[in-house]
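Data from model37.csv: CSV, C-alpha atoms and all ligand atoms
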chain,number,residue,atom,x,y,z
A,1120,MET,CA,-22.1,-5.1,-7.3
A,1121,PRO,CA,-19.0,-4.4,-5.1
A,1122,VAL,CA,-16.9,-7.4,-4.2
A,1123,ILE,CA,-16.6,-6.3,-0.6
A,1124,GLU,CA,-19.1,-4.2,1.4
A,1125,VAL,CA,-18.3,-3.3,5.0
A,1126,GLU,CA,-20.9,-1.2,6.8
A,1127,HIS,CA,-20.4,0.3,10.2
A,1128,LEU,CA,-18.1,-2.5,11.3
A,1129,HIS,CA,-17.5,-2.6,15.1
A,1130,LYS,CA,-15.3,-5.0,16.9
A,1131,ARG,CA,-14.1,-5.1,20.5
A,1132,TYR,CA,-11.7,-7.4,22.3
A,1133,GLY,CA,-13.2,-7.3,25.8
A,1134,GLU,CA,-13.3,-3.6,26.7
A,1135,LYS,CA,-10.9,-2.7,24.0
A,1136,VAL,CA,-12.5,-1.2,20.9
A,1137,ALA,CA,-10.3,-2.4,18.0
A,1138,VAL,CA,-12.7,-1.2,15.2
A,1139,ASP,CA,-15.1,1.5,16.1
A,1140,ASP,CA,-17.0,2.4,12.9
A,1141,VAL,CA,-15.6,1.3,9.6
A,1142,SER,CA,-17.4,1.4,6.2
A,1143,PHE,CA,-16.0,0.9,2.7
A,1144,THR,CA,-16.6,-1.0,-0.5
A,1145,VAL,CA,-14.1,-2.7,-2.8
A,1146,GLU,CA,-14.9,-2.9,-6.5
A,1147,GLN,CA,-14.1,-5.8,-8.7
A,1148,GLY,CA,-10.6,-5.8,-10.1
A,1149,GLU,CA,-9.2,-3.0,-8.0
A,1150,ILE,CA,-6.3,-2.9,-5.6
A,1151,PHE,CA,-7.7,-1.4,-2.5
A,1152,GLY,CA,-5.3,-0.3,0.2
A,1153,VAL,CA,-6.0,-0.3,3.9
A,1154,LEU,CA,-3.5,2.1,5.6
A,1155,GLY,CA,-3.1,3.2,9.2
A,1156,PRO,CA,-0.8,3.5,12.1
A,1157,ASN,CA,0.0,0.6,14.4
A,1158,GLY,CA,-3.1,-0.6,16.3
A,1159,ALA,CA,-5.5,1.3,14.0
A,1160,GLY,CA,-7.7,-1.8,13.5
A,1161,LYS,CA,-6.5,-2.8,10.0
A,1162,THR,CA,-5.9,-6.4,10.6
A,1163,THR,CA,-9.0,-6.8,12.7
A,1164,THR,CA,-11.0,-5.3,9.8
A,1165,VAL,CA,-9.6,-7.7,7.2
A,1166,GLU,CA,-10.0,-10.6,9.6
A,1167,CYS,CA,-13.7,-9.8,9.9
A,1168,VAL,CA,-13.9,-9.6,6.1
A,1169,GLN,CA,-12.3,-13.1,5.8
A,1170,GLY,CA,-14.6,-14.5,8.5
A,1171,LEU,CA,-11.8,-15.2,10.9
A,1172,ARG,CA,-13.4,-12.9,13.5
A,1173,ARG,CA,-17.1,-12.2,14.2
A,1174,ALA,CA,-18.0,-8.5,14.2
A,1175,ASP,CA,-19.8,-7.1,17.2
A,1176,GLY,CA,-21.7,-4.7,15.1
A,1177,GLY,CA,-22.3,-3.6,11.5
A,1178,SER,CA,-22.3,-5.9,8.4
A,1179,VAL,CA,-19.8,-7.4,6.1
A,1180,ARG,CA,-20.5,-9.0,2.7
A,1181,VAL,CA,-17.9,-10.6,0.5
A,1182,LEU,CA,-18.9,-11.6,-3.0
A,1183,GLY,CA,-22.4,-11.3,-1.8
A,1184,LEU,CA,-21.8,-13.8,1.0
A,1185,ASP,CA,-21.7,-13.5,4.8
A,1186,PRO,CA,-18.2,-14.3,5.9
A,1187,ILE,CA,-19.3,-16.0,9.1
A,1188,ARG,CA,-22.5,-17.8,7.9
A,1189,ASP,CA,-21.0,-18.7,4.5
A,1190,ARG,CA,-17.5,-19.3,5.8
A,1191,THR,CA,-16.8,-22.4,3.7
A,1192,GLU,CA,-17.7,-20.7,0.5
A,1193,VAL,CA,-15.8,-17.5,1.4
A,1194,ARG,CA,-12.7,-19.5,2.2
A,1195,GLN,CA,-12.9,-21.1,-1.3
A,1196,ARG,CA,-13.1,-17.8,-3.0
A,1197,VAL,CA,-11.0,-15.4,-0.9
A,1198,GLY,CA,-7.3,-16.1,-0.7
A,1199,ALA,CA,-5.5,-14.9,2.5
A,1200,GLN,CA,-1.9,-14.7,3.3
A,1201,LEU,CA,-0.8,-17.1,6.0
A,1202,GLN,CA,1.3,-16.0,9.0
A,1203,GLU,CA,4.6,-17.7,8.3
A,1204,SER,CA,4.7,-19.4,11.7
A,1205,GLN,CA,1.7,-21.5,10.5
A,1206,LEU,CA,3.8,-23.8,8.4
A,1207,PRO,CA,5.8,-26.8,9.7
A,1208,ASP,CA,9.6,-26.3,9.4
A,1209,LYS,CA,10.3,-29.4,7.4
A,1210,LEU,CA,7.5,-28.9,4.9
A,1211,ARG,CA,8.9,-28.3,1.4
A,1212,VAL,CA,7.7,-25.4,-0.8
A,1213,ARG,CA,6.1,-27.7,-3.4
A,1214,GLU,CA,4.5,-29.9,-0.7
A,1215,ALA,CA,3.0,-26.9,1.0
A,1216,LEU,CA,1.5,-25.7,-2.2
A,1217,ASP,CA,0.2,-29.2,-3.1
A,1218,LEU,CA,-1.3,-29.5,0.4
A,1219,TYR,CA,-3.1,-26.2,0.3
A,1220,ARG,CA,-4.2,-26.7,-3.2
A,1221,SER,CA,-6.0,-29.8,-2.2
A,1222,PHE,CA,-8.3,-27.7,0.0
A,1223,TYR,CA,-9.7,-25.8,-3.0
A,1224,ARG,CA,-12.2,-26.5,-5.7
A,1225,GLN,CA,-10.3,-24.2,-8.1
A,1226,LYS,CA,-6.7,-25.2,-8.4
A,1227,ALA,CA,-3.8,-23.0,-9.7
A,1228,ASP,CA,-1.0,-24.4,-11.8
A,1229,ILE,CA,1.7,-24.8,-9.2
A,1230,ASP,CA,4.7,-24.6,-11.6
A,1231,GLU,CA,3.3,-21.4,-13.0
A,1232,LEU,CA,2.8,-20.0,-9.5
A,1233,LEU,CA,6.3,-21.0,-8.5
A,1234,ALA,CA,7.8,-19.3,-11.6
A,1235,ASP,CA,5.6,-16.2,-11.1
A,1236,LEU,CA,6.7,-15.9,-7.5
A,1237,GLY,CA,10.4,-16.6,-8.2
A,1238,LEU,CA,10.3,-19.7,-6.2
A,1239,ALA,CA,11.0,-22.3,-8.9
A,1240,GLU,CA,14.5,-23.1,-7.6
A,1241,GLN,CA,13.2,-23.5,-4.0
A,1242,ARG,CA,10.5,-26.0,-4.9
A,1243,ASN,CA,12.2,-28.7,-2.8
A,1244,THR,CA,13.5,-26.5,-0.1
A,1245,ALA,CA,12.2,-27.0,3.4
A,1246,PHE,CA,10.3,-24.1,4.9
A,1247,HIS,CA,12.8,-23.3,7.6
A,1248,LYS,CA,15.6,-23.0,5.1
A,1249,LEU,CA,13.8,-20.2,3.1
A,1250,SER,CA,14.9,-16.6,3.5
A,1251,GLY,CA,12.5,-14.1,4.9
A,1252,GLY,CA,11.6,-12.8,1.4
A,1253,GLN,CA,11.1,-16.4,0.1
A,1254,LYS,CA,8.8,-17.2,3.0
A,1255,GLN,CA,6.9,-14.0,2.3
A,1256,ARG,CA,6.5,-15.0,-1.4
A,1257,LEU,CA,5.4,-18.5,-0.4
A,1258,SER,CA,2.7,-17.0,1.8
A,1259,VAL,CA,1.5,-15.0,-1.2
A,1260,ALA,CA,1.6,-18.2,-3.4
A,1261,LEU,CA,-0.5,-20.0,-0.8
A,1262,ALA,CA,-3.0,-17.2,-0.9
A,1263,LEU,CA,-3.3,-17.7,-4.7
A,1264,VAL,CA,-3.2,-21.5,-4.9
A,1265,GLY,CA,-7.0,-21.8,-4.9
A,1266,ARG,CA,-7.3,-19.3,-7.7
A,1267,PRO,CA,-9.2,-16.9,-5.5
A,1268,GLU,CA,-11.4,-14.0,-6.8
A,1269,VAL,CA,-10.2,-11.8,-3.9
A,1270,ALA,CA,-6.7,-11.8,-2.4
A,1271,ILE,CA,-6.2,-10.2,1.0
A,1272,LEU,CA,-2.5,-9.4,1.6
A,1273,ASP,CA,-1.6,-8.1,5.0
A,1274,GLU,CA,1.8,-6.4,5.4
A,1275,LEU,CA,3.2,-8.4,2.5
A,1276,THR,CA,6.4,-6.4,2.1
A,1277,THR,CA,7.3,-5.9,5.8
A,1278,GLY,CA,10.8,-7.2,6.3
A,1279,LEU,CA,11.7,-7.3,2.6
A,1280,ASP,CA,14.7,-5.4,1.2
A,1281,PRO,CA,14.0,-2.7,-1.4
A,1282,GLN,CA,14.5,-5.0,-4.3
A,1283,GLY,CA,12.3,-7.7,-2.7
A,1284,ARG,CA,9.6,-5.1,-2.1
A,1285,ARG,CA,9.7,-3.9,-5.7
A,1286,ASP,CA,9.5,-7.5,-7.0
A,1287,THR,CA,6.5,-8.1,-4.8
A,1288,TRP,CA,4.8,-4.9,-6.1
A,1289,ASP,CA,5.2,-6.2,-9.6
A,1290,LEU,CA,3.7,-9.5,-8.5
A,1291,VAL,CA,0.7,-7.7,-6.9
A,1292,GLU,CA,0.1,-6.0,-10.2
A,1293,ARG,CA,0.3,-9.3,-12.1
A,1294,ILE,CA,-2.3,-10.8,-9.6
A,1295,ARG,CA,-4.6,-7.9,-10.4
A,1296,ASP,CA,-4.0,-8.3,-14.1
A,1297,ARG,CA,-5.4,-11.8,-13.8
A,1298,GLY,CA,-8.6,-10.3,-12.6
A,1299,VAL,CA,-8.2,-10.9,-8.9
A,1300,THR,CA,-9.4,-8.1,-6.6
A,1301,VAL,CA,-6.7,-7.3,-4.1
A,1302,VAL,CA,-7.0,-5.8,-0.6
A,1303,LEU,CA,-3.6,-4.7,0.6
A,1304,VAL,CA,-3.0,-3.9,4.2
A,1305,THR,CA,0.2,-1.8,4.5
A,1306,HIS,CA,2.2,0.7,6.5
A,1307,PHE,CA,4.1,1.9,3.5
A,1308,MET,CA,2.9,5.1,1.9
A,1309,GLU,CA,5.2,4.5,-1.1
A,1310,GLU,CA,3.6,1.1,-1.6
A,1311,ALA,CA,0.1,2.4,-1.4
A,1312,GLU,CA,0.9,5.2,-3.8
A,1313,ARG,CA,2.5,2.9,-6.3
A,1314,LEU,CA,-0.1,0.1,-6.2
A,1315,CYS,CA,-3.5,1.1,-5.0
A,1316,ASP,CA,-6.4,2.3,-7.1
A,1317,ARG,CA,-8.1,3.5,-4.0
A,1318,LEU,CA,-7.2,3.4,-0.3
A,1319,ALA,CA,-8.8,3.8,3.0
A,1320,ILE,CA,-6.9,5.5,5.8
A,1321,ILE,CA,-7.9,4.1,9.2
A,1322,ASP,CA,-7.0,5.7,12.5
A,1323,ALA,CA,-8.2,4.5,16.0
A,1324,GLY,CA,-10.8,2.2,14.5
A,1325,ARG,CA,-12.4,4.8,12.2
A,1326,ILE,CA,-12.1,5.7,8.5
A,1327,VAL,CA,-10.3,9.0,8.1
A,1328,ALA,CA,-10.5,9.2,4.3
A,1329,ILE,CA,-11.2,7.0,1.3
A,1330,ASP,CA,-9.8,8.2,-2.0
A,1331,THR,CA,-7.5,7.5,-4.9
A,1332,PRO,CA,-3.8,8.2,-4.0
A,1333,SER,CA,-3.9,11.4,-6.1
A,1334,GLY,CA,-7.2,12.4,-4.5
A,1335,MET,CA,-5.5,12.0,-1.1
A,1336,LEU,CA,-2.7,14.2,-2.3
A,1337,ALA,CA,-5.1,16.8,-3.5
A,1338,ARG,CA,-6.5,17.1,0.0
A,1339,VAL,CA,-3.2,18.3,1.3
A,1340,GLY,CA,-2.5,20.7,-1.6
A,1341,THR,CA,-0.3,20.2,-4.6
A,1342,GLU,CA,2.5,22.7,-4.0
A,1343,HIS,CA,5.9,21.6,-5.3
A,1344,ARG,CA,9.2,23.0,-3.9
A,1345,VAL,CA,12.2,23.5,-6.2
A,1346,HIS,CA,15.5,23.9,-4.4
A,1347,PHE,CA,18.9,24.8,-6.0
A,1348,ARG,CA,22.2,26.5,-5.4
A,1349,PRO,CA,22.8,29.3,-7.9
A,1350,LEU,CA,26.4,29.4,-9.2
A,1351,ASP,CA,26.0,32.8,-10.8
A,1352,GLU,CA,24.4,36.1,-9.6
A,1353,LEU,CA,20.6,35.7,-9.4
A,1354,ASP,CA,18.0,38.3,-8.8
A,1355,ASP,CA,15.2,36.6,-6.9
A,1356,SER,CA,12.6,39.0,-8.4
A,1357,LEU,CA,13.1,37.3,-11.8
A,1358,LEU,CA,11.8,34.1,-10.3
A,1359,ALA,CA,9.1,35.8,-8.2
A,1360,ALA,CA,7.7,37.4,-11.4
A,1361,LEU,CA,7.2,34.0,-13.1
A,1362,PRO,CA,3.5,33.2,-13.5
A,1363,ASP,CA,3.7,29.7,-11.8
A,1364,VAL,CA,5.7,30.9,-8.8
A,1365,THR,CA,3.9,31.3,-5.5
A,1366,GLY,CA,7.0,32.0,-3.4
A,1367,VAL,CA,10.7,32.4,-3.4
A,1368,SER,CA,13.0,32.2,-0.3
A,1369,ARG,CA,16.7,32.0,0.3
A,1370,GLY,CA,18.6,29.8,2.7
A,1371,VAL,CA,22.3,30.1,3.4
A,1372,ASP,CA,23.3,29.3,-0.2
A,1373,GLU,CA,20.1,27.7,-1.5
A,1374,VAL,CA,17.1,29.2,-3.2
A,1375,THR,CA,13.6,27.6,-2.8
A,1376,VAL,CA,10.8,28.3,-5.2
A,1377,THR,CA,7.3,27.0,-4.6
A,1378,GLY,CA,4.4,26.6,-7.1
A,1379,PRO,CA,2.3,24.0,-8.9
A,1380,GLU,CA,3.8,21.0,-10.6
A,1381,GLN,CA,4.9,23.0,-13.7
A,1382,VAL,CA,7.0,25.4,-11.5
A,1383,LEU,CA,10.1,23.3,-12.2
A,1384,GLN,CA,9.9,23.9,-16.0
A,1385,SER,CA,9.3,27.6,-15.4
A,1386,VAL,CA,12.4,27.9,-13.1
A,1387,LEU,CA,14.6,25.9,-15.4
A,1388,ALA,CA,13.6,28.0,-18.4
A,1389,ALA,CA,14.2,31.3,-16.5
A,1390,LEU,CA,17.6,30.1,-15.3
A,1391,ALA,CA,18.6,29.1,-18.9
A,1392,GLU,CA,17.3,32.4,-20.3
A,1393,HIS,CA,19.3,34.5,-17.8
A,1394,LYS,CA,22.4,32.2,-18.1
A,1395,VAL,CA,22.3,31.3,-14.4
A,1396,ARG,CA,24.1,28.1,-13.7
A,1397,TYR,CA,23.0,26.0,-10.7
A,1398,ALA,CA,23.9,23.0,-8.6
A,1399,ALA,CA,22.1,20.6,-6.2
A,1400,LEU,CA,18.7,21.0,-7.9
A,1401,ARG,CA,16.0,18.9,-6.3
A,1402,VAL,CA,12.2,18.9,-6.3
A,1403,GLU,CA,10.0,18.1,-3.4
A,1404,GLN,CA,6.4,17.2,-4.1
A,1405,PRO,CA,3.6,16.3,-1.7
A,1406,THR,CA,3.6,12.6,-0.9
A,1407,LEU,CA,1.0,10.3,0.5
A,1408,ASP,CA,3.0,10.6,3.7
A,1409,ASP,CA,2.2,14.3,3.9
A,1410,ALA,CA,-1.5,13.4,3.3
A,1411,PHE,CA,-1.3,10.7,6.0
A,1412,VAL,CA,0.2,13.1,8.5
A,1413,SER,CA,-2.2,15.8,7.7
A,1414,LEU,CA,-5.3,13.5,7.9
A,1415,THR,CA,-4.3,11.5,11.0
A,1416,GLY,CA,-1.8,13.9,12.7
A,1417,ARG,CA,0.7,11.1,12.9
A,1418,HIS,CA,3.7,9.8,11.0
A,1419,GLY,CA,2.6,6.5,9.5
A,1420,GLY,CA,5.3,5.2,7.3
A,1421,ARG,CA,8.1,5.9,4.9
A,1422,ALA,CA,7.8,7.8,1.7
A,1423,ALA,CA,10.3,9.2,-0.8
A,1424,ALA,CA,9.8,12.9,-0.4
A,1425,THR,CA,12.5,14.0,-2.7
A,1426,GLN,CA,12.8,13.4,-6.4
A,1427,THR,CA,15.3,14.6,-8.9
A,1428,PRO,CA,13.9,15.8,-12.2
A,1429,THR,CA,15.4,12.8,-13.9
A,1430,ASP,CA,13.4,10.3,-11.9
A,1431,LYS,CA,10.3,12.4,-11.7
A,1432,ARG,CA,7.3,10.4,-12.8
A,1433,SER,CA,5.0,11.7,-15.4
A,1434,SER,CA,1.8,10.9,-13.4
B,1,LIG,N1,-6.6,-10.7,19.9
B,1,LIG,C1,-6.6,-9.5,20.5
B,1,LIG,N2,-7.0,-9.3,21.8
B,1,LIG,C2,-7.0,-8.1,22.4
B,1,LIG,N3,-6.7,-6.9,21.7
B,1,LIG,C3,-6.3,-7.1,20.4
B,1,LIG,C4,-6.3,-8.3,19.7
B,1,LIG,N4,-5.9,-8.1,18.5
B,1,LIG,C5,-5.7,-6.8,18.3
B,1,LIG,N5,-6.0,-6.2,19.5
B,1,LIG,C6,-6.0,-4.7,19.7
B,1,LIG,O1,-6.9,-4.1,18.9
B,1,LIG,C7,-6.4,-2.9,18.3
B,1,LIG,C8,-6.4,-3.0,16.8
B,1,LIG,O2,-5.4,-4.1,16.4
B,1,LIG,P1,-5.2,-4.5,14.9
B,1,LIG,O3,-4.2,-5.6,14.9
B,1,LIG,O4,-6.5,-4.7,14.2
B,1,LIG,O5,-4.5,-3.1,14.3
B,1,LIG,P2,-3.6,-2.9,13.1
B,1,LIG,O6,-4.0,-1.6,12.5
B,1,LIG,O7,-3.6,-4.1,12.2
B,1,LIG,O8,-2.2,-2.8,13.7
B,1,LIG,P3,-0.7,-3.2,13.2
B,1,LIG,O9,-0.4,-2.2,12.1
B,1,LIG,O10,0.2,-2.9,14.4
B,1,LIG,O11,-0.7,-4.6,12.8
B,1,LIG,C9,-5.0,-2.8,18.9
B,1,LIG,O12,-5.1,-1.9,19.9
B,1,LIG,C10,-4.6,-4.1,19.3
B,1,LIG,O13,-3.7,-4.1,20.4

Before we go any further, please render this structure as structure tokens.
Ligand SMILES: Nc1ncnc2c1ncn2[C@@H]1O[C@H](COP(=O)(O)OP(=O)(O)OP(=O)(O)O)[C@@H](O)[C@H]1O
Amino acid sequence: MPVIEVEHLHKRYGEKVAVDDVSFTVEQGEIFGVLGPNGAGKTTTVECVQGLRRADGGSVRVLGLDPIRDRTEVRQRVGAQLQESQLPDKLRVREALDLYRSFYRQKADIDELLADLGLAEQRNTAFHKLSGGQKQRLSVALALVGRPEVAILDELTTGLDPQGRRDTWDLVERIRDRGVTVVLVTHFMEEAERLCDRLAIIDAGRIVAIDTPSGMLARVGTEHRVHFRPLDELDDSLLAALPDVTGVSRGVDEVTVTGPEQVLQSVLAALAEHKVRYAALRVEQPTLDDAFVSLTGRHGGRAAATQTPTDKRSS
């Protein structure tokens, strides 16, 4: 049975339709991403899942429960990140965790949680003295303090520096490894690509696509582009004749070769064979950002479009 089932969810604020028609399921143990541009209806959707808002249409089931009717039970079993402004300034990290832990039947080990979230040194620090990243991590800790079966994390890396973001990604993976199902609302394509088993792209209150990150990429094609500057004479027809190559073009001093993923290997082998030296080699591959733009017609977030062969992932 899926952990979360959302069917034809519809939610208005007065005349404003925030969620028009959204359906998806989240399976036990997965990291499920909810992506979309500003105002797409992501937060409203997950608030309906948590029972914080009542839907105007459709149905939501979480762990087989109705989040409105069975609100108390759902709150016990679904951990949600707090908005940081919800904590009093003078409350210390450890006190906040003790307080929130007292609300739950299941209780996490606070020392373990503090260590896991890199907050052990801040245990006695007052909330208002924490850095942005530390506040963010505390909000994740508070979401986990009742040992939830499902954790809903909304924009958890917004405002973090790149290292903080990476540390938080590791943390989300550790949460999942403990068997917690994670719903991750995000603007960041790179984050979704790195973390999510499946993701839903929402635009203007509707689902545009639900797929794995690689499935999303396959929807926009898988053509890679290899760029380099030849330092020796190079006859473009040598490259064009390679079996993997679908196109060769020349810029001012740069050659661009397109083809499937293995085109890089073919080009490097051909350059070596013909003793053509090169500089400024880089590979562009389709990113989730390309998929997002192609599916929604908008720019949704940041993504690393360029990779050098040395940091190219095997997946
Ligand atoms: N309490 C509210 N009252 C009125 N309109 C609201 C309210 N909350 C959200 N909206 C509107 O509903 C739409 C969906 O908002 P929601 O916050 O769910 O989107 P989102 O995808 O989470 O956006 P963001 O990425 O900017 O957080 C937006 O147009 C927003 O302005």

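For region 1369-1371 of chain A, the set of protein, DNA and RNA residues having any atom at most 10 Å away, when counting only C-alpha atoms and skipping those fewer than 3 positions along the same chain, is His1346, Phe1347, Arg1348, Asp1355, Val1374, Thr1375 and Val1376 of chain A.
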
Notebook entry, point to check: Residues at most 9 Å from ligand LIG 1 (chain B), using all atoms listed in the file? Could they come as a PyMOL selection string?
Noted result: chain A and resi 1130-1138+1153-1166+1273-1274+1304-1306+1321-1324

Margin query: Which residues are near Thr1341 (chain A)? Cut-off 7 Å, only C-alpha atoms, ignore same chain within fewer than 4 positions. Put them as a ChimeraX atom specification.
Written below: /A:1336-1337,1379,1405

Margin query: I'd like the interatomic distance between CA of Leu1414 (chain A) and CA of Glu1312 (chain A), to a tenth of an Å.
Written below: 15.6 Å

Note to self: Which residue is closest to His1127 (chain A)? Choose from A:Ala1245, A:Ala1239, A:Ala1270, A:Ala1174 and count only C-alpha atoms.
What the structure shows: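 Of A:Ala1245, A:Ala1239, A:Ala1270, A:Ala1174, the one nearest His1127 (chain A), counting only C-alpha atoms, is A:Ala1174.
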